[in-house]
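Undergrad: What follows is upload19.tsv; its format and atoms are TSV, C-alpha atoms.
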chain	number	residue	atom	x	y	z
A	20	MET	CA	-12.00	-14.16	10.71
A	21	PRO	CA	-13.41	-13.27	7.28
A	22	ALA	CA	-14.22	-15.96	4.77
A	23	ASN	CA	-11.48	-17.07	2.43
A	24	ILE	CA	-11.44	-15.69	-1.09
A	25	ALA	CA	-13.48	-18.17	-3.07
A	26	ASN	CA	-12.64	-19.93	-6.31
A	27	LEU	CA	-9.05	-18.79	-6.70
A	28	SER	CA	-7.48	-20.77	-9.49
A	29	VAL	CA	-4.05	-20.76	-11.06
A	30	ALA	CA	-3.56	-22.94	-14.13
A	31	SER	CA	-1.91	-26.29	-13.38
A	32	GLU	CA	-0.07	-25.10	-10.25
A	33	SER	CA	-0.99	-25.69	-6.62
A	34	ILE	CA	-0.99	-22.86	-4.10
A	35	SER	CA	1.85	-24.52	-2.23
A	36	ASN	CA	4.01	-24.31	-5.34
A	37	LEU	CA	3.27	-20.62	-5.71
A	38	THR	CA	3.95	-19.59	-2.12
A	39	ASP	CA	7.50	-18.93	-1.01
A	40	MET	CA	8.12	-19.14	2.74
A	41	THR	CA	10.12	-15.99	3.43
A	42	ASN	CA	10.58	-13.23	5.98
A	43	TYR	CA	9.99	-10.67	3.25
A	44	ALA	CA	6.55	-9.25	2.54
A	45	ILE	CA	7.80	-7.75	-0.73
A	46	GLU	CA	10.69	-8.82	-2.95
A	47	MET	CA	11.56	-7.17	-6.26
A	48	THR	CA	14.64	-8.33	-8.17
A	49	GLY	CA	15.89	-6.70	-11.38
A	50	VAL	CA	12.48	-5.27	-12.28
A	51	SER	CA	12.23	-3.15	-15.42
A	52	LYS	CA	9.26	-1.51	-17.14
A	53	THR	CA	9.13	0.61	-20.28
A	54	TYR	CA	6.19	2.54	-21.72
A	55	LYS	CA	6.86	2.89	-25.47
A	56	THR	CA	10.19	4.75	-25.35
A	57	LYS	CA	10.11	5.84	-21.69
A	58	ARG	CA	11.90	3.64	-19.15
A	59	ALA	CA	9.92	3.86	-15.90
A	60	LEU	CA	11.87	1.23	-13.91
A	61	GLU	CA	15.37	-0.01	-14.62
A	62	GLY	CA	16.57	-3.08	-12.76
A	63	LEU	CA	14.77	-2.17	-9.53
A	64	SER	CA	15.58	-4.46	-6.61
A	65	LEU	CA	13.88	-4.03	-3.24
A	66	LYS	CA	13.21	-6.17	-0.17
A	67	ILE	CA	10.77	-5.22	2.59
A	68	GLN	CA	10.53	-7.29	5.77
A	69	LYS	CA	7.19	-8.43	7.14
A	70	ASN	CA	5.51	-6.04	9.60
A	71	GLU	CA	7.37	-2.99	8.28
A	72	ILE	CA	5.82	0.36	7.48
A	73	PHE	CA	7.80	1.21	4.38
A	74	GLY	CA	7.77	4.65	2.80
A	75	LEU	CA	8.76	5.02	-0.87
A	76	LEU	CA	9.83	8.54	-1.75
A	77	GLY	CA	10.61	10.02	-5.13
A	78	HIS	CA	10.01	12.99	-7.39
A	79	ASN	CA	7.27	12.96	-10.02
A	80	GLY	CA	8.32	10.54	-12.73
A	81	ALA	CA	10.72	8.60	-10.51
A	82	GLY	CA	8.68	5.40	-10.96
A	83	LYS	CA	6.66	5.27	-7.73
A	84	THR	CA	3.29	4.74	-9.41
A	85	THR	CA	4.68	2.07	-11.72
A	86	THR	CA	6.21	0.27	-8.74
A	87	VAL	CA	2.90	0.22	-6.86
A	88	SER	CA	1.00	-0.82	-10.00
A	89	ILE	CA	3.29	-3.82	-10.47
A	90	LEU	CA	3.13	-4.82	-6.80
A	91	THR	CA	-0.68	-4.66	-6.83
A	92	THR	CA	-0.89	-6.70	-10.10
A	93	LEU	CA	-2.35	-3.81	-12.12
A	94	ILE	CA	0.46	-4.02	-14.67
A	95	ARG	CA	3.10	-6.64	-15.49
A	96	PRO	CA	6.83	-5.97	-15.40
A	97	ASP	CA	8.80	-6.38	-18.62
A	98	SER	CA	11.49	-8.33	-16.77
A	99	GLY	CA	12.56	-9.29	-13.27
A	100	SER	CA	10.94	-11.15	-10.39
A	101	VAL	CA	8.26	-9.79	-8.03
A	102	ASN	CA	6.87	-11.55	-4.95
A	103	VAL	CA	4.24	-10.12	-2.61
A	104	ALA	CA	3.32	-12.07	0.54
A	105	GLY	CA	5.57	-14.81	-0.79
A	106	ILE	CA	3.60	-15.13	-4.05
A	107	ASN	CA	4.81	-14.36	-7.56
A	108	VAL	CA	2.68	-11.55	-8.97
A	109	THR	CA	2.91	-12.68	-12.58
A	110	LYS	CA	2.25	-16.38	-11.94
A	111	ALA	CA	-0.62	-15.92	-9.46
A	112	PRO	CA	-2.08	-12.38	-9.61
A	113	SER	CA	-5.48	-13.46	-8.24
A	114	LEU	CA	-3.86	-15.09	-5.23
A	115	VAL	CA	-1.76	-11.97	-4.63
A	116	ARG	CA	-4.89	-9.79	-4.74
A	117	SER	CA	-6.45	-11.94	-2.00
A	118	LYS	CA	-3.46	-11.11	0.24
A	119	ILE	CA	-3.30	-7.35	-0.30
A	120	GLY	CA	-5.33	-4.22	0.29
A	121	TYR	CA	-5.03	-1.04	-1.76
A	122	LEU	CA	-5.99	2.57	-0.99
A	123	PRO	CA	-5.58	4.80	-4.08
A	124	GLU	CA	-4.87	8.52	-3.83
A	125	ASN	CA	-8.44	9.32	-4.90
A	126	VAL	CA	-10.86	6.89	-3.28
A	127	GLN	CA	-13.59	5.81	-5.69
A	128	LEU	CA	-16.90	5.35	-3.83
A	129	TYR	CA	-20.58	5.38	-4.78
A	130	ASN	CA	-21.79	8.72	-3.43
A	131	LYS	CA	-25.48	7.75	-3.28
A	132	LEU	CA	-24.73	4.66	-1.19
A	133	THR	CA	-24.06	4.61	2.53
A	134	THR	CA	-20.78	3.55	4.08
A	135	ARG	CA	-22.20	0.11	4.83
A	136	GLU	CA	-23.65	-0.31	1.32
A	137	ASN	CA	-20.33	0.65	-0.27
A	138	LEU	CA	-18.41	-1.77	1.94
A	139	ARG	CA	-20.91	-4.57	1.33
A	140	PHE	CA	-20.55	-4.10	-2.43
A	141	PHE	CA	-16.73	-4.07	-2.36
A	142	GLY	CA	-16.63	-6.91	0.16
A	143	LYS	CA	-18.60	-9.18	-2.14
A	144	LEU	CA	-16.33	-8.23	-5.03
A	145	SER	CA	-13.42	-9.36	-2.85
A	146	GLY	CA	-15.06	-12.72	-2.33
A	147	LEU	CA	-16.56	-12.25	1.15
A	148	ARG	CA	-19.84	-14.16	1.10
A	149	ASN	CA	-21.34	-12.51	4.18
A	150	PRO	CA	-19.38	-9.28	4.70
A	151	ASP	CA	-21.70	-7.61	7.27
A	152	SER	CA	-19.93	-8.97	10.35
A	153	ASP	CA	-16.58	-7.93	8.88
A	154	ILE	CA	-18.00	-4.48	8.14
A	155	ASP	CA	-19.14	-4.06	11.74
A	156	ARG	CA	-15.74	-5.21	13.03
A	157	VAL	CA	-13.76	-2.87	10.76
A	158	LEU	CA	-15.97	0.17	11.37
A	159	GLN	CA	-15.70	-0.35	15.11
A	160	TYR	CA	-11.94	-0.69	14.84
A	161	LEU	CA	-11.73	2.57	12.85
A	162	ASP	CA	-14.15	4.33	15.22
A	163	PHE	CA	-16.50	5.02	12.31
A	164	THR	CA	-19.62	3.09	13.32
A	165	GLU	CA	-21.74	6.22	13.73
A	166	ASN	CA	-21.29	6.94	10.01
A	167	ALA	CA	-22.21	3.43	8.84
A	168	ASP	CA	-25.62	4.43	7.48
A	169	LYS	CA	-24.73	7.86	6.10
A	170	ARG	CA	-24.27	8.49	2.39
A	171	VAL	CA	-20.61	8.91	1.50
A	172	GLY	CA	-21.43	11.76	-0.89
A	173	GLU	CA	-21.81	13.94	2.21
A	174	PHE	CA	-18.35	13.07	3.58
A	175	SER	CA	-15.19	15.15	3.78
A	176	LYS	CA	-11.97	13.95	2.12
A	177	GLY	CA	-10.76	12.59	5.46
A	178	MET	CA	-13.98	10.64	6.03
A	179	ARG	CA	-13.83	9.21	2.51
A	180	GLN	CA	-10.26	8.10	3.22
A	181	ARG	CA	-11.54	6.31	6.32
A	182	VAL	CA	-14.12	4.44	4.22
A	183	GLY	CA	-11.39	3.65	1.70
A	184	ILE	CA	-9.21	2.14	4.42
A	185	ALA	CA	-12.17	0.13	5.71
A	186	GLN	CA	-12.68	-1.28	2.21
A	187	ALA	CA	-8.97	-2.04	1.84
A	188	ILE	CA	-8.70	-4.00	5.11
A	189	LEU	CA	-12.11	-5.69	5.11
A	190	HIS	CA	-10.61	-9.06	4.14
A	191	GLN	CA	-7.67	-8.69	6.58
A	192	PRO	CA	-4.87	-8.44	4.03
A	193	GLU	CA	-1.27	-9.26	4.85
A	194	VAL	CA	0.09	-6.26	2.92
A	195	LEU	CA	-1.60	-2.87	2.61
A	196	PHE	CA	-0.63	-0.42	-0.15
A	197	LEU	CA	-1.31	3.30	0.34
A	198	ASP	CA	-0.85	5.66	-2.61
A	199	GLU	CA	-0.27	9.26	-1.43
A	200	PRO	CA	-2.61	8.61	1.54
A	201	THR	CA	-2.41	12.11	3.08
A	202	SER	CA	-2.96	14.01	-0.18
A	203	GLY	CA	-5.59	16.73	0.29
A	204	LEU	CA	-6.10	16.12	4.02
A	205	ASP	CA	-6.09	18.88	6.60
A	206	PRO	CA	-3.62	18.65	9.53
A	207	GLU	CA	-6.13	16.85	11.77
A	208	GLY	CA	-6.95	14.39	9.01
A	209	VAL	CA	-3.25	13.73	8.45
A	210	TRP	CA	-2.72	13.04	12.15
A	211	GLN	CA	-5.73	10.73	12.34
A	212	LEU	CA	-4.62	8.77	9.29
A	213	ARG	CA	-1.10	8.49	10.68
A	214	GLU	CA	-2.48	6.94	13.87
A	215	VAL	CA	-4.63	4.49	11.87
A	216	ILE	CA	-1.61	3.37	9.83
A	217	LYS	CA	0.44	2.74	12.96
A	218	SER	CA	-2.43	0.85	14.60
A	219	LEU	CA	-2.95	-1.41	11.58
A	220	ASN	CA	0.73	-2.27	11.72
A	221	VAL	CA	0.95	-2.85	15.49
A	222	ASP	CA	-2.49	-4.29	16.26
A	223	LEU	CA	-3.11	-6.36	13.13
A	224	GLY	CA	0.46	-7.04	12.03
A	225	MET	CA	-0.03	-5.66	8.54
A	226	THR	CA	2.95	-4.79	6.41
A	227	ILE	CA	2.28	-1.33	4.98
A	228	PHE	CA	3.79	0.10	1.81
A	229	MET	CA	3.26	3.86	1.57
A	230	ASN	CA	3.97	5.69	-1.66
A	231	THR	CA	4.42	9.42	-0.98
A	232	HIS	CA	6.40	12.54	-1.81
A	233	LEU	CA	6.08	13.95	1.74
A	234	LEU	CA	9.26	13.41	3.69
A	235	SER	CA	7.62	14.53	6.94
A	236	GLU	CA	5.08	11.71	6.77
A	237	VAL	CA	7.75	9.10	6.16
A	238	THR	CA	9.85	10.18	9.13
A	239	LYS	CA	6.81	10.31	11.44
A	240	THR	CA	5.05	7.15	10.29
A	241	CYS	CA	7.41	4.64	8.69
A	242	THR	CA	9.88	2.13	10.09
A	243	SER	CA	11.94	2.00	6.89
A	244	ILE	CA	12.47	4.19	3.86
A	245	GLY	CA	13.41	3.95	0.21
A	246	ILE	CA	14.18	6.73	-2.25
A	247	LEU	CA	13.50	6.06	-5.92
A	248	ARG	CA	15.47	7.95	-8.56
A	249	SER	CA	14.97	7.46	-12.29
A	250	GLY	CA	13.48	4.00	-11.82
A	251	GLN	CA	16.22	2.74	-9.52
A	252	LEU	CA	16.53	2.51	-5.75
A	253	ALA	CA	18.96	5.28	-4.78
A	254	TYR	CA	18.79	4.78	-1.01
A	255	THR	CA	17.14	2.48	1.51
A	256	ASN	CA	17.48	2.04	5.27
A	257	SER	CA	15.55	1.73	8.51
A	258	ILE	CA	14.26	4.99	9.98
A	259	ASP	CA	16.30	4.30	13.12
A	260	ALA	CA	19.47	4.06	11.05
A	261	VAL	CA	18.51	7.14	9.03
A	262	THR	CA	17.94	9.26	12.12
A	263	GLN	CA	21.26	8.11	13.59
A	264	GLU	CA	23.07	8.98	10.39
A	265	PHE	CA	21.12	12.22	9.90
A	266	PRO	CA	20.18	13.45	13.42
A	267	ASP	CA	17.65	16.09	12.38
A	268	GLU	CA	14.87	16.15	9.83
A	269	GLN	CA	16.60	18.93	7.86
A	270	ALA	CA	19.55	16.61	7.25
A	271	VAL	CA	17.21	13.87	5.98
A	272	GLU	CA	15.55	16.43	3.73
A	273	ASN	CA	18.93	17.48	2.38
A	274	LEU	CA	19.68	13.82	1.57
A	275	TYR	CA	16.38	13.49	-0.29
A	276	LEU	CA	16.83	16.74	-2.21
A	277	SER	CA	20.41	15.89	-3.16
A	278	LEU	CA	19.27	12.55	-4.62
A	279	GLU	CA	16.42	14.29	-6.43
A	280	ALA	CA	18.86	16.83	-7.90
A	281	LYS	CA	21.03	14.02	-9.33
A	282	SER	CA	18.03	12.66	-11.23
A	283	LYS	CA	17.38	15.88	-13.11
Can the structure from this file be put into structure tokens for me?
TA:
Amino acid sequence: MPANIANLSVASESISNLTDMTNYAIEMTGVSKTYKTKRALEGLSLKIQKNEIFGLLGHNGAGKTTTVSILTTLIRPDSGSVNVAGINVTKAPSLVRSKIGYLPENVQLYNKLTTRENLRFFGKLSGLRNPDSDIDRVLQYLDFTENADKRVGEFSKGMRQRVGIAQAILHQPEVLFLDEPTSGLDPEGVWQLREVIKSLNVDLGMTIFMNTHLLSEVTKTCTSIGILRSGQLAYTNSIDAVTQEFPDEQAVENLYLSLEAKSK
């Protein structure tokens, strides 16, 4: 197991007081966020069980990016309550960050460094004192060991995504956030990433939150779904329930498009 994140401190409160024992990996209650005069989220409430692969769908401007930014402690909500891994994101953001991994749409890596050098750098930033054994473990798990000592500047988009995932799971997070993970990938890269996501969920028990606009990826990868419309949750259900209610993918697409149309 990797080393614990060192020197986490939250003013005057113990970790036990900040951790809520719950079956939910993510809980948002009445969350709102406004940028100047634009309301991005309006009373958003959402609960995601542990060990789910949750797909959040929504048109551009629906509030997906704001939702992920709040959940990953990048921005604070104006109002409402947000818990990730049983921890309040506004009271203990550092502790939340030790429990999560994050893969942005465009992975930021140092092109002149090798895979191993990039992961060593990010691992130490995450608080891993001796990340090399964790790097070897993760690269072997992702079947990427042969590229450990190659410079990432030579990699394809799919290979860079693989390094990004390695960085995101190096400290074995409880919750993994993926922002448009298949954007720009070719069909083979999409399939490979889909299999990695499922394996992380099944093998390592990670809860995965996937922010995407691709309905096909949600239906093929996720165990539950949410559709965001104008900063509010317009629909949520398990994929099993969705496919029973809407037997073919075209019907699910019609549901999504009808909700999108209402937001315009």
Undergrad: Please provide as a list in words all residues within 10 Å of A:Gln211, with the sequence filter that same-chain residues fewer than 6 positions apart are discarded (counting only C-alpha atoms).
TA: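 Surrounding residues, per the criterion: Gly177, Arg181, Thr201, Leu204 and Asp205 of chain A.
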Undergrad: Residues of stretch 143-246 of chain A that approach stretch 128-139 of chain A to 9 Å or less, counting all atoms listed in the file: could you list each one with the shortest pair of atoms and its distance in Å to one decimal, rows by chain and increasing residue number, as a tab-separated table?
TA:
residue	atom	partner	partner_atom	distance
A:Lys143	CA	A:Arg139	CA	6.2
A:Leu144	CA	A:Arg139	CA	8.6
A:Leu147	CA	A:Arg139	CA	8.8
A:Asn149	CA	A:Arg139	CA	8.4
A:Pro150	CA	A:Arg139	CA	6.0
A:Asp151	CA	A:Arg139	CA	6.7
A:Ile154	CA	A:Leu138	CA	6.8
A:Asp155	CA	A:Arg135	CA	8.6
A:Asn166	CA	A:Thr134	CA	6.8
A:Ala167	CA	A:Thr134	CA	5.0
A:Asp168	CA	A:Thr133	CA	5.2
A:Lys169	CA	A:Thr133	CA	4.9
A:Arg170	CA	A:Thr133	CA	3.9
A:Val171	CA	A:Asn130	CA	5.1
A:Gly172	CA	A:Asn130	CA	4.0
A:Glu173	CA	A:Asn130	CA	7.7
A:Phe174	CA	A:Asn130	CA	8.9
A:Arg179	CA	A:Leu128	CA	8.0
A:Val182	CA	A:Thr134	CA	6.7
A:Gly183	CA	A:Leu128	CA	8.0
A:Ala185	CA	A:Leu138	CA	7.5
A:Gln186	CA	A:Leu138	CA	5.8
A:Leu189	CA	A:Leu138	CA	8.1
Undergrad: Using only C-alpha atoms, I'd like a table of the residues in stretch 43-79 of chain A that come within 6 Å of stretch 223-241 of chain A; for each, show the closest atom pair and its distance in Å rounded to one decimal, ordered by chain and ascending number, as JSON lines.
TA:
{"residue": "A:Lys69", "atom": "CA", "partner": "A:Thr226", "partner_atom": "CA", "distance": 5.6}
{"residue": "A:Asn70", "atom": "CA", "partner": "A:Thr226", "partner_atom": "CA", "distance": 4.3}
{"residue": "A:Glu71", "atom": "CA", "partner": "A:Thr226", "partner_atom": "CA", "distance": 5.1}
{"residue": "A:Ile72", "atom": "CA", "partner": "A:Ile227", "partner_atom": "CA", "distance": 4.7}
{"residue": "A:Phe73", "atom": "CA", "partner": "A:Phe228", "partner_atom": "CA", "distance": 4.9}
{"residue": "A:Gly74", "atom": "CA", "partner": "A:Met229", "partner_atom": "CA", "distance": 4.7}
{"residue": "A:Leu75", "atom": "CA", "partner": "A:Asn230", "partner_atom": "CA", "distance": 4.9}
{"residue": "A:Leu76", "atom": "CA", "partner": "A:His232", "partner_atom": "CA", "distance": 5.3}
{"residue": "A:Gly77", "atom": "CA", "partner": "A:His232", "partner_atom": "CA", "distance": 5.9}
Undergrad: Atom CA of A:Val101 and atom CA of A:Gly80, how far apart in Å?
TA: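 Separation between atom CA of A:Gly80 and atom CA of A:Val101: 20.9 Å.
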Undergrad: Nearest to A:Leu252: which of A:Ser64, A:Val215, A:Ala44, A:Lys52 is it, counting all atoms listed in the file?
TA: A:Ser64
Undergrad: Could you check which of A:Val221, A:Leu195, A:Val50, A:Val261 is closest to A:Val115, using all atoms listed in the file?
TA: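 Nearest candidate to A:Val115 out of A:Val221, A:Leu195, A:Val50, A:Val261: A:Leu195.
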Undergrad: What does the distance between atom CA of A:His78 and atom CA of A:Leu197 come to in Å, to one decimal place?
TA: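 Atom-to-atom, atom CA of A:His78 and atom CA of A:Leu197 are spaced 16.8 Å apart.
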Undergrad: Report, in Å with one decimal, the straight-line distance from atom CA of A:Gly203 to atom CA of A:Asn220.
TA: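 Taking atom CA of A:Gly203 as the start and atom CA of A:Asn220 as the end point, the length is 23.1 Å.
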Undergrad: List the neighbours of A:Ala81 out to 6 Å using only C-alpha atoms; skip same-chain residues closer than 6 positions along the sequence, and give me the result as a PDB file with C-alpha atoms, keeping the file's coordinate frame.
TA:
ATOM      1  CA  LEU A 247      13.500   6.060  -5.920  1.00  0.00           C
ATOM      2  CA  ARG A 248      15.470   7.950  -8.560  1.00  0.00           C
ATOM      3  CA  SER A 249      14.970   7.460 -12.290  1.00  0.00           C
ATOM      4  CA  GLY A 250      13.480   4.000 -11.820  1.00  0.00           C
TER       5      GLY A 250
END
Undergrad: I'd like to know which of A:Gln251, A:Gln180, A:Ser202, A:Thr48 is closest to A:Asn102, using all atoms listed in the file.
TA: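 Checking each candidate against A:Asn102, we get A:Thr48 as the closest.
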Undergrad: Nearest to A:Lys217: which of A:Thr242, A:Pro200, A:Val194, A:Arg95 is it, counting only C-alpha atoms?
TA: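 Using only C-alpha atoms, A:Lys217 sits closest to A:Thr242.
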Undergrad: Name the closest residue to A:Ile244 among the candidates A:Leu219, A:Ala187, A:Ala59, A:Ile258; distances are taken between atoms, counting all atoms listed in the file.
TA: A:Ile258
Undergrad: I want to know what sits within 9 Å of A:Ile119, based on all atoms listed in the file, with residues of the same chain fewer than 3 positions away left out; could you give that as a list in words?
TA: Thr91, Val103, Ala104, Val115, Arg116, Ala187, Ile188, His190, Gln191, Pro192, Glu193, Val194, Leu195 and Phe196 of chain A
Undergrad: Assuming the input is short of atoms at stretch 94-126 of chain A, produce N, CA and C atoms for that part as a PDB file, keeping the file's coordinate frame.
TA:
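rebuild24.pdb was written with the following content:
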ATOM      1  N   ILE A  94      -0.315  -3.883 -13.448  1.00  0.00           N
ATOM      2  CA  ILE A  94       0.460  -4.020 -14.670  1.00  0.00           C
ATOM      3  C   ILE A  94       1.537  -5.071 -14.460  1.00  0.00           C
ATOM      4  N   ARG A  95       2.057  -5.611 -15.565  1.00  0.00           N
ATOM      5  CA  ARG A  95       3.100  -6.640 -15.490  1.00  0.00           C
ATOM      6  C   ARG A  95       4.459  -6.011 -15.772  1.00  0.00           C
ATOM      7  N   PRO A  96       5.493  -6.456 -15.076  1.00  0.00           N
ATOM      8  CA  PRO A  96       6.830  -5.970 -15.400  1.00  0.00           C
ATOM      9  C   PRO A  96       7.314  -6.550 -16.724  1.00  0.00           C
ATOM     10  N   ASP A  97       8.214  -5.838 -17.399  1.00  0.00           N
ATOM     11  CA  ASP A  97       8.800  -6.380 -18.620  1.00  0.00           C
ATOM     12  C   ASP A  97       9.802  -7.481 -18.295  1.00  0.00           C
ATOM     13  N   SER A  98      10.499  -7.327 -17.177  1.00  0.00           N
ATOM     14  CA  SER A  98      11.490  -8.330 -16.770  1.00  0.00           C
ATOM     15  C   SER A  98      11.686  -8.238 -15.262  1.00  0.00           C
ATOM     16  N   GLY A  99      12.319  -9.252 -14.710  1.00  0.00           N
ATOM     17  CA  GLY A  99      12.560  -9.290 -13.270  1.00  0.00           C
ATOM     18  C   GLY A  99      11.555 -10.142 -12.539  1.00  0.00           C
ATOM     19  N   SER A 100      11.782 -10.313 -11.251  1.00  0.00           N
ATOM     20  CA  SER A 100      10.940 -11.150 -10.390  1.00  0.00           C
ATOM     21  C   SER A 100      10.297 -10.303  -9.302  1.00  0.00           C
ATOM     22  N   VAL A 101       9.001 -10.535  -9.042  1.00  0.00           N
ATOM     23  CA  VAL A 101       8.260  -9.790  -8.030  1.00  0.00           C
ATOM     24  C   VAL A 101       7.431 -10.753  -7.200  1.00  0.00           C
ATOM     25  N   ASN A 102       7.671 -10.767  -5.882  1.00  0.00           N
ATOM     26  CA  ASN A 102       6.870 -11.550  -4.950  1.00  0.00           C
ATOM     27  C   ASN A 102       6.239 -10.632  -3.927  1.00  0.00           C
ATOM     28  N   VAL A 103       4.957 -10.841  -3.663  1.00  0.00           N
ATOM     29  CA  VAL A 103       4.240 -10.120  -2.610  1.00  0.00           C
ATOM     30  C   VAL A 103       3.572 -11.162  -1.724  1.00  0.00           C
ATOM     31  N   ALA A 104       3.805 -11.066  -0.416  1.00  0.00           N
ATOM     32  CA  ALA A 104       3.320 -12.070   0.540  1.00  0.00           C
ATOM     33  C   ALA A 104       3.787 -13.457   0.154  1.00  0.00           C
ATOM     34  N   GLY A 105       4.990 -13.531  -0.411  1.00  0.00           N
ATOM     35  CA  GLY A 105       5.570 -14.810  -0.790  1.00  0.00           C
ATOM     36  C   GLY A 105       5.019 -15.405  -2.067  1.00  0.00           C
ATOM     37  N   ILE A 106       4.255 -14.615  -2.845  1.00  0.00           N
ATOM     38  CA  ILE A 106       3.600 -15.130  -4.050  1.00  0.00           C
ATOM     39  C   ILE A 106       4.071 -14.329  -5.259  1.00  0.00           C
ATOM     40  N   ASN A 107       4.371 -15.014  -6.335  1.00  0.00           N
ATOM     41  CA  ASN A 107       4.810 -14.360  -7.560  1.00  0.00           C
ATOM     42  C   ASN A 107       3.648 -13.644  -8.229  1.00  0.00           C
ATOM     43  N   VAL A 108       3.807 -12.354  -8.483  1.00  0.00           N
ATOM     44  CA  VAL A 108       2.680 -11.550  -8.970  1.00  0.00           C
ATOM     45  C   VAL A 108       2.312 -11.858 -10.415  1.00  0.00           C
ATOM     46  N   THR A 109       3.238 -12.369 -11.195  1.00  0.00           N
ATOM     47  CA  THR A 109       2.910 -12.680 -12.580  1.00  0.00           C
ATOM     48  C   THR A 109       2.338 -14.089 -12.734  1.00  0.00           C
ATOM     49  N   LYS A 110       2.751 -15.009 -11.857  1.00  0.00           N
ATOM     50  CA  LYS A 110       2.250 -16.380 -11.940  1.00  0.00           C
ATOM     51  C   LYS A 110       0.878 -16.527 -11.266  1.00  0.00           C
ATOM     52  N   ALA A 111       0.626 -15.749 -10.223  1.00  0.00           N
ATOM     53  CA  ALA A 111      -0.620 -15.920  -9.460  1.00  0.00           C
ATOM     54  C   ALA A 111      -1.197 -14.577  -9.022  1.00  0.00           C
ATOM     55  N   PRO A 112      -1.563 -13.713  -9.978  1.00  0.00           N
ATOM     56  CA  PRO A 112      -2.080 -12.380  -9.610  1.00  0.00           C
ATOM     57  C   PRO A 112      -3.349 -12.422  -8.759  1.00  0.00           C
ATOM     58  N   SER A 113      -4.238 -13.371  -9.024  1.00  0.00           N
ATOM     59  CA  SER A 113      -5.480 -13.460  -8.240  1.00  0.00           C
ATOM     60  C   SER A 113      -5.177 -13.810  -6.793  1.00  0.00           C
ATOM     61  N   LEU A 114      -4.228 -14.711  -6.590  1.00  0.00           N
ATOM     62  CA  LEU A 114      -3.860 -15.090  -5.230  1.00  0.00           C
ATOM     63  C   LEU A 114      -3.195 -13.914  -4.506  1.00  0.00           C
ATOM     64  N   VAL A 115      -2.363 -13.156  -5.217  1.00  0.00           N
ATOM     65  CA  VAL A 115      -1.760 -11.970  -4.630  1.00  0.00           C
ATOM     66  C   VAL A 115      -2.832 -10.976  -4.200  1.00  0.00           C
ATOM     67  N   ARG A 116      -3.825 -10.767  -5.060  1.00  0.00           N
ATOM     68  CA  ARG A 116      -4.890  -9.790  -4.740  1.00  0.00           C
ATOM     69  C   ARG A 116      -5.681 -10.190  -3.506  1.00  0.00           C
ATOM     70  N   SER A 117      -5.743 -11.490  -3.206  1.00  0.00           N
ATOM     71  CA  SER A 117      -6.450 -11.940  -2.000  1.00  0.00           C
ATOM     72  C   SER A 117      -5.654 -11.635  -0.739  1.00  0.00           C
ATOM     73  N   LYS A 118      -4.352 -11.342  -0.903  1.00  0.00           N
ATOM     74  CA  LYS A 118      -3.460 -11.110   0.240  1.00  0.00           C
ATOM     75  C   LYS A 118      -3.173  -9.641   0.482  1.00  0.00           C
ATOM     76  N   ILE A 119      -3.647  -8.767  -0.414  1.00  0.00           N
ATOM     77  CA  ILE A 119      -3.300  -7.350  -0.300  1.00  0.00           C
ATOM     78  C   ILE A 119      -4.538  -6.477  -0.216  1.00  0.00           C
ATOM     79  N   GLY A 120      -4.337  -5.275   0.331  1.00  0.00           N
ATOM     80  CA  GLY A 120      -5.330  -4.220   0.290  1.00  0.00           C
ATOM     81  C   GLY A 120      -4.716  -3.018  -0.393  1.00  0.00           C
ATOM     82  N   TYR A 121      -5.557  -2.168  -0.996  1.00  0.00           N
ATOM     83  CA  TYR A 121      -5.030  -1.040  -1.760  1.00  0.00           C
ATOM     84  C   TYR A 121      -5.917   0.183  -1.550  1.00  0.00           C
ATOM     85  N   LEU A 122      -5.294   1.293  -1.123  1.00  0.00           N
ATOM     86  CA  LEU A 122      -5.990   2.570  -0.990  1.00  0.00           C
ATOM     87  C   LEU A 122      -5.391   3.538  -2.000  1.00  0.00           C
ATOM     88  N   PRO A 123      -6.105   3.856  -3.090  1.00  0.00           N
ATOM     89  CA  PRO A 123      -5.580   4.800  -4.080  1.00  0.00           C
ATOM     90  C   PRO A 123      -5.606   6.226  -3.549  1.00  0.00           C
ATOM     91  N   GLU A 124      -4.914   7.111  -4.249  1.00  0.00           N
ATOM     92  CA  GLU A 124      -4.870   8.520  -3.830  1.00  0.00           C
ATOM     93  C   GLU A 124      -6.269   9.119  -3.810  1.00  0.00           C
ATOM     94  N   ASN A 125      -7.058   8.829  -4.827  1.00  0.00           N
ATOM     95  CA  ASN A 125      -8.440   9.320  -4.900  1.00  0.00           C
ATOM     96  C   ASN A 125      -9.387   8.141  -4.755  1.00  0.00           C
ATOM     97  N   VAL A 126      -9.984   8.019  -3.584  1.00  0.00           N
ATOM     98  CA  VAL A 126     -10.860   6.890  -3.280  1.00  0.00           C
ATOM     99  C   VAL A 126     -12.118   6.955  -4.137  1.00  0.00           C
TER     100      VAL A 126
END
